[in-house]
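For reference, data-v3.pdb (PDB, C-alpha atoms):
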```
MODEL        1
ATOM      1  CA  ASN J   1       0.000   0.000   0.000
ATOM      2  CA  HIS J   2       1.456   3.351  -1.096
ATOM      3  CA  LEU J   3       0.243   5.258   1.984
ATOM      4  CA  ILE J   4       1.829   2.734   4.370
ATOM      5  CA  ASP J   5       5.132   3.032   2.454
ATOM      6  CA  LEU J   6       5.052   6.839   2.711
ATOM      7  CA  ILE J   7       4.293   6.728   6.420
ATOM      8  CA  THR J   8       6.925   4.086   7.161
ATOM      9  CA  LYS J   9       9.726   5.847   5.270
ATOM     10  CA  ARG J  10       9.011   9.336   6.628
ATOM     11  CA  LYS J  11      11.819  10.872   8.697
ATOM     12  CA  ARG J  12      10.379  12.272  11.900
ATOM     13  CA  LYS J  13      12.068  15.352  13.396
ATOM     14  CA  TYR J  14      10.110  15.667  16.631
ATOM     15  CA  MET J  15       9.392  13.235  19.434
ATOM     16  CA  ILE J  16       6.077  14.922  20.408
ATOM     17  CA  SER J  17       3.890  17.522  18.766
ATOM     18  CA  LEU J  18       0.976  19.376  20.342
ATOM     19  CA  ILE J  19      -1.382  21.234  18.039
ATOM     20  CA  GLY J  20      -4.401  23.231  19.090
ATOM     21  CA  LYS J  21      -5.925  26.253  20.660
ATOM     22  CA  ALA J  22      -4.314  27.438  23.891
ATOM     23  CA  LEU J  23      -7.336  26.600  26.041
ATOM     24  CA  HIS J  24      -7.068  27.182  29.793
ATOM     25  CA  LYS J  25      -6.954  23.431  30.463
ATOM     26  CA  ARG J  26      -4.042  23.004  27.998
ATOM     27  CA  ILE J  27      -1.803  25.744  29.424
ATOM     28  CA  ILE J  28       0.174  23.304  31.599
ATOM     29  CA  ASP J  29       0.846  21.040  28.592
ATOM     30  CA  ILE J  30       1.870  24.003  26.442
ATOM     31  CA  LYS J  31       4.248  25.270  29.154
ATOM     32  CA  GLN J  32       5.741  21.802  29.693
ATOM     33  CA  CYS J  33       6.252  21.445  25.939
ATOM     34  CA  GLY J  34       7.845  24.893  25.762
ATOM     35  CA  HIS J  35      10.408  23.987  28.428
ATOM     36  CA  LEU J  36      11.653  21.007  26.423
ATOM     37  CA  PRO J  37      14.003  21.119  23.425
ATOM     38  CA  GLU J  38      12.094  21.513  20.141
ATOM     39  CA  SER J  39      13.267  18.083  19.001
ATOM     40  CA  THR J  40      11.495  16.642  22.054
ATOM     41  CA  CYS J  41       8.263  18.679  21.950
ATOM     42  CA  VAL J  42       6.895  21.297  19.588
ATOM     43  CA  PHE J  43       3.645  23.273  19.997
ATOM     44  CA  MET J  44       1.680  24.751  17.079
ATOM     45  CA  PRO J  45      -1.032  27.195  18.131
ATOM     46  CA  CYS J  46      -4.099  26.580  16.053
ATOM     47  CA  THR J  47      -7.033  28.936  16.473
ATOM     48  CA  ARG J  48      -9.809  30.280  14.323
ATOM     49  CA  LYS J  49      -8.221  33.716  14.271
ATOM     50  CA  THR J  50      -6.747  35.072  11.051
ATOM     51  CA  ASP J  51      -3.211  35.101  12.492
ATOM     52  CA  SER J  52      -3.250  31.351  13.021
ATOM     53  CA  VAL J  53      -0.916  29.124  11.014
ATOM     54  CA  CYS J  54      -3.838  26.736  10.631
ATOM     55  CA  ILE J  55      -6.048  29.392   9.018
ATOM     56  CA  GLU J  56      -3.226  30.671   6.786
ATOM     57  CA  HIS J  57      -2.274  27.256   5.443
ATOM     58  CA  GLY J  58      -5.339  25.148   6.175
ATOM     59  CA  ALA J  59      -4.818  21.741   7.711
ATOM     60  CA  VAL J  60      -1.658  21.160   5.648
ATOM     61  CA  LYS J  61       0.772  22.641   8.204
ATOM     62  CA  ALA J  62      -0.848  20.791  11.088
ATOM     63  CA  LEU J  63      -0.773  17.478   9.183
ATOM     64  CA  GLU J  64       2.851  18.085   8.152
ATOM     65  CA  LEU J  65       3.835  18.655  11.775
ATOM     66  CA  MET J  66       2.026  15.470  12.794
ATOM     67  CA  ALA J  67       3.736  13.537  10.000
ATOM     68  CA  ASP J  68       7.081  14.906  11.232
ATOM     69  CA  SER J  69       6.363  13.707  14.792
ATOM     70  CA  VAL J  70       6.746  10.274  16.357
ATOM     71  CA  PHE J  71       3.987  10.957  18.915
ATOM     72  CA  CYS J  72       1.072  13.429  18.801
ATOM     73  CA  TYR J  73      -0.308  14.666  22.108
ATOM     74  CA  GLU J  74      -4.106  14.859  21.827
ATOM     75  CA  PRO J  75      -5.558  16.375  25.008
ATOM     76  CA  HIS J  76      -9.297  16.747  25.438
ATOM     77  CA  GLY J  77     -10.873  19.738  23.755
ATOM     78  CA  ASP J  78     -14.545  20.657  24.014
ATOM     79  CA  SER J  79     -15.148  16.926  24.380
ATOM     80  CA  PRO J  80     -12.878  13.959  25.134
ATOM     81  CA  THR J  81     -12.543  13.093  21.434
ATOM     82  CA  ARG J  82     -10.830  15.290  18.862
ATOM     83  CA  GLN J  83     -10.348  15.213  15.123
ATOM     84  CA  GLY J  84      -6.602  15.476  15.717
ATOM     85  CA  LEU J  85      -6.626  11.958  17.118
ATOM     86  CA  PHE J  86      -7.622  10.543  13.746
ATOM     87  CA  ASP J  87      -5.473  13.013  11.825
ATOM     88  CA  ALA J  88      -2.491  11.756  13.841
ATOM     89  CA  ILE J  89      -3.264   8.113  13.098
ATOM     90  CA  SER J  90      -3.770   8.889   9.398
ATOM     91  CA  VAL J  91      -0.193  10.211   9.083
ATOM     92  CA  GLY J  92       1.447   7.566  11.261
ATOM     93  CA  CYS J  93       1.848   9.598  14.449
ATOM     94  CA  ILE J  94       1.213   7.564  17.594
ATOM     95  CA  PRO J  95      -1.456   9.357  19.642
ATOM     96  CA  ILE J  96      -0.915  10.291  23.269
ATOM     97  CA  VAL J  97      -4.210  10.789  25.093
ATOM     98  CA  PRO J  98      -4.958  11.705  28.716
ATOM     99  CA  ASP J  99      -7.341   8.769  29.272
ATOM    100  CA  GLU J 100      -9.518   6.129  27.639
ATOM    101  CA  LYS J 101     -12.418   8.594  27.202
ATOM    102  CA  SER J 102     -10.699   9.848  24.050
ATOM    103  CA  PHE J 103     -11.914   6.744  22.218
ATOM    104  CA  GLY J 104     -15.366   6.594  23.805
ATOM    105  CA  THR J 105     -17.485   6.857  20.670
ATOM    106  CA  TYR J 106     -15.033   5.130  18.337
ATOM    107  CA  LYS J 107     -14.811   1.653  19.843
ATOM    108  CA  PHE J 108     -15.732   0.029  16.503
ATOM    109  CA  HIS J 109     -12.716   1.655  14.863
ATOM    110  CA  THR J 110     -10.201   1.431  17.677
ATOM    111  CA  HIS J 111     -11.206  -1.460  19.938
ATOM    112  CA  ASP J 112      -7.551  -2.251  20.774
ATOM    113  CA  PHE J 113      -6.467   1.368  21.154
ATOM    114  CA  GLY J 114      -4.029   0.500  23.945
ATOM    115  CA  LYS J 115      -1.843  -1.296  21.416
ATOM    116  CA  PHE J 116      -1.138   1.863  19.384
ATOM    117  CA  THR J 117      -1.807   4.697  21.842
ATOM    118  CA  LEU J 118       0.082   6.042  24.832
ATOM    119  CA  ILE J 119      -1.940   7.273  27.815
ATOM    120  CA  ALA J 120      -0.351  10.165  29.729
ATOM    121  CA  LYS J 121      -1.964  12.934  31.769
ATOM    122  CA  ASN J 122       0.498  15.596  30.586
ATOM    123  CA  ILE J 123       3.580  16.198  28.424
ATOM    124  CA  ASN J 124       6.126  15.429  31.163
ATOM    125  CA  GLU J 125       4.448  12.095  31.916
ATOM    126  CA  ALA J 126       4.368  11.365  28.165
ATOM    127  CA  VAL J 127       8.131  11.945  27.888
ATOM    128  CA  GLU J 128       8.752   9.576  30.822
ATOM    129  CA  LYS J 129       6.522   6.871  29.327
ATOM    130  CA  ILE J 130       8.170   7.213  25.912
ATOM    131  CA  GLU J 131      11.600   6.765  27.509
ATOM    132  CA  GLU J 132      10.317   3.661  29.345
ATOM    133  CA  LEU J 133       8.800   2.334  26.120
ATOM    134  CA  GLY J 134      12.145   2.205  24.332
ATOM    135  CA  VAL J 135      12.790   1.486  20.663
ATOM    136  CA  GLU J 136      11.225  -1.989  20.633
ATOM    137  CA  GLY J 137       8.081  -0.751  22.367
ATOM    138  CA  TYR J 138       7.800   2.076  19.865
ATOM    139  CA  LYS J 139       8.239  -0.304  16.915
ATOM    140  CA  ARG J 140       5.475  -2.538  18.280
ATOM    141  CA  MET J 141       3.100   0.429  18.751
ATOM    142  CA  PHE J 142       3.901   1.781  15.285
ATOM    143  CA  LYS J 143       3.230  -1.623  13.697
ATOM    144  CA  ASN J 144      -0.117  -1.794  15.525
ATOM    145  CA  LEU J 145      -0.974   1.741  14.394
ATOM    146  CA  LEU J 146      -0.330   0.778  10.763
ATOM    147  CA  GLU J 147      -2.682  -2.181  11.187
ATOM    148  CA  VAL J 148      -5.544  -0.006  12.494
ATOM    149  CA  LEU J 149      -4.926   2.780   9.951
ATOM    150  CA  PRO J 150      -7.366   1.483   7.287
ATOM    151  CA  ASN J 151     -10.136   1.375   9.911
ATOM    152  CA  VAL J 152     -10.007   5.128  10.486
ATOM    153  CA  LEU J 153      -9.670   6.275   6.882
ATOM    154  CA  TRP J 154     -12.458   6.887   4.383
ATOM    155  CA  ALA J 155     -11.590   4.994   1.237
ATOM    156  CA  HIS J 156     -12.801   4.121  -2.234
ATOM    157  CA  GLN J 157     -14.920   0.951  -2.271
ATOM    158  CA  ASP J 158     -12.383  -1.173  -4.140
ATOM    159  CA  THR J 159      -9.498  -0.858  -1.677
ATOM    160  CA  GLY J 160      -9.658  -4.417  -0.383
ATOM    161  CA  PHE J 161      -9.965  -3.394   3.284
ATOM    162  CA  ASP J 162     -12.744  -2.237   5.575
ATOM    163  CA  ASP J 163     -12.593   1.554   5.761
ATOM    164  CA  ALA J 164     -14.044   3.675   8.584
ATOM    165  CA  LEU J 165     -17.596   3.571   7.211
ATOM    166  CA  ARG J 166     -17.641  -0.221   6.770
ATOM    167  CA  VAL J 167     -16.164  -0.727  10.229
ATOM    168  CA  MET J 168     -18.858   1.485  11.770
ATOM    169  CA  LEU J 169     -21.690  -0.197   9.840
ATOM    170  CA  LYS J 170     -20.455  -3.674  10.757
ATOM    171  CA  GLY J 171     -20.170  -2.633  14.400
ATOM    172  CA  LEU J 172     -23.709  -1.270  14.431
ATOM    173  CA  SER J 173     -24.961  -4.441  12.734
ATOM    174  CA  CYS J 174     -23.318  -6.602  15.410
ATOM    175  CA  LYS J 175     -24.752  -4.431  18.169
ATOM    176  CA  ALA J 176     -28.257  -4.607  16.652
ATOM    177  CA  ALA J 177     -28.062  -8.392  16.215
ATOM    178  CA  THR J 178     -26.995  -8.779  19.848
ATOM    179  CA  LYS J 179     -29.879  -6.623  21.108
ATOM    180  CA  ARG J 180     -32.392  -8.568  19.018
ATOM    181  CA  ASN J 181     -30.950 -11.906  20.148
ATOM    182  CA  VAL J 182     -30.475 -13.065  16.559
ATOM    183  CA  GLN J 183     -27.536 -14.932  15.099
ATOM    184  CA  LEU J 184     -24.508 -12.675  14.789
ATOM    185  CA  PRO J 185     -23.016 -12.130  11.339
ATOM    186  CA  SER J 186     -19.690 -13.939  10.837
ATOM    187  CA  TYR J 187     -17.671 -10.698  11.082
ATOM    188  CA  CYS J 188     -18.852  -9.979  14.658
TER     189      CYS J 188
ENDMDL
END
```
Translate the structure of the given file into structure tokens.
Amino acid sequence: NHLIDLITKRKRKYMISLIGKALHKRIIDIKQCGHLPESTCVFMPCTRKTDSVCIEHGAVKALELMADSVFCYEPHGDSPTRQGLFDAISVGCIPIVPDEKSFGTYKFHTHDFGKFTLIAKNINEAVEKIEELGVEGYKRMFKNLLEVLPNVLWAHQDTGFDDALRVMLKGLSCKAATKRNVQLPSYC
């Protein structure tokens, strides 16, 4: 698969990236990131204001930063889930989330999220966990992320894998069959 090749061969300049609006609840993470060398953690402010890099260049700059990062810190926003979580996965950046709530509504797509996601309450804890993980742990997580990647992408019908829509529809079908006490389809 061409996308997997691109993701696998990409040289990553940053250990952690943090992209988003400087909300009050993110200030600690932004400060912790700012106290680390840029190669360890880089923050990109992304607001809806006209001076924002994200407005100037669209999502391209944010996605490029994610693609240049080994891990993408995805703190809660207005809700526990964020689009950035799936953007990170789509470019091969291992998500770091504060807790399991981040995947609450996406269990069909990411049922084994612990295999490709790091859970850390803040940037400093993330750095510690990454150091504990080591190279082999990272390789294992990255391999698992590549395996789940097709499940979070929207794809053309003839791709040969279940894209995000098919995964969701199959999950709903299994859930409905269970509630109705009927025989489960073979993919459940």
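Distance check against Gly20 (chain J) using all atoms listed in the file: of J:His35, J:Lys139, J:His2, J:Arg82, the minimum falls on J:Arg82.
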As an exercise, work out the distance from CA of Leu118 (chain J) to CA of Ser69 (chain J) in Å and give it to one decimal place.
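Separation of CA of Leu118 (chain J) and CA of Ser69 (chain J): 14.1 Å.
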Would you kindly translate the PyMOL selection byres ((chain J and resi 70) around 8) into the concrete residues it picks from this file, as an MDAnalysis selection string?
chainID J and resid 12:16 66:69 71:72 92:94
Hey, what's within 10 Å of Ile19 (chain J) if we count all atoms listed in the file and toss same-chain stuff fewer than 4 positions away? As a ChimeraX atom specification, please?
/J:30,42-47,54,62-63,65-66,72-75,84
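Between CA of Ser39 (chain J) and CA of Phe116 (chain J) lies a distance of 21.7 Å.
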List every protein, DNA or RNA residue that has an atom no more than 12 Å from (-7.3, 23.7, 32.5) in the file's coordinate frame, counting only C-alpha atoms, and report them as a compact mmCIF listing (two decimals) with C-alpha atoms, in the frame of the given file.
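Result saved to out_10.txt:
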```txt
# COMPACT_ATOMS: atom_id res chain seq x y z
CA ALA J 22 -4.31 27.44 23.89
CA LEU J 23 -7.34 26.60 26.04
CA HIS J 24 -7.07 27.18 29.79
CA LYS J 25 -6.95 23.43 30.46
CA ARG J 26 -4.04 23.00 28.00
CA ILE J 27 -1.80 25.74 29.42
CA ILE J 28 0.17 23.30 31.60
CA ASP J 29 0.85 21.04 28.59
CA ILE J 30 1.87 24.00 26.44
CA PRO J 75 -5.56 16.38 25.01
CA HIS J 76 -9.30 16.75 25.44
CA GLY J 77 -10.87 19.74 23.76
CA ASP J 78 -14.54 20.66 24.01
CA ASN J 122 0.50 15.60 30.59
```
Mind pulling up the distance from CA of Leu3 (chain J) to CA of Pro150 (chain J)?
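Interatomic distance, CA of Pro150 (chain J) to CA of Leu3 (chain J): 10.0 Å.
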With the file shown as input, list the residues that the PyMOL selection byres ((chain J and resi 89) around 9) selects, as a list of chain:residue names.
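Taken over the shown coordinates, the PyMOL selection byres ((chain J and resi 89) around 9) returns J:Cys72, J:Gly84, J:Leu85, J:Phe86, J:Asp87, J:Ala88, J:Ser90, J:Val91, J:Gly92, J:Cys93, J:Ile94, J:Pro95, J:Leu145, J:Leu146, J:Val148, J:Leu149, J:Val152.
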Exercise: Gly114 (chain J) partners within 12 Å, all atoms listed in the file, chain neighbours under 5 positions left out, as a list in words
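Counting only the stated atoms, we get Ile94, Pro95, Ile96, Val97, Asp99, Glu100, Ser102, Phe103, Lys107, Ile119, Ala120, Arg140, Met141, Phe142, Asn144, Leu145 and Val148 of chain J.
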Residue nearest Thr40 (chain J) among J:Glu128, J:Pro98, J:Arg10, J:Glu64 (counting all atoms listed in the file):
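Going through J:Glu128, J:Pro98, J:Arg10, J:Glu64 one by one, the smallest distance to Thr40 (chain J) is for J:Glu128.
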Tell me which residues the PyMOL selection byres ((chain J and resi 123) around 7) grabs here, as a PyMOL selection string.
chain J and resi 29+32-33+122+124-127
Using all atoms listed in the file, which of the listed residues (J:Ala177, J:Ala59, J:Val135, J:Cys41) sits closest to Leu18 (chain J)?
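The answer is J:Cys41, which sits nearest to Leu18 (chain J).
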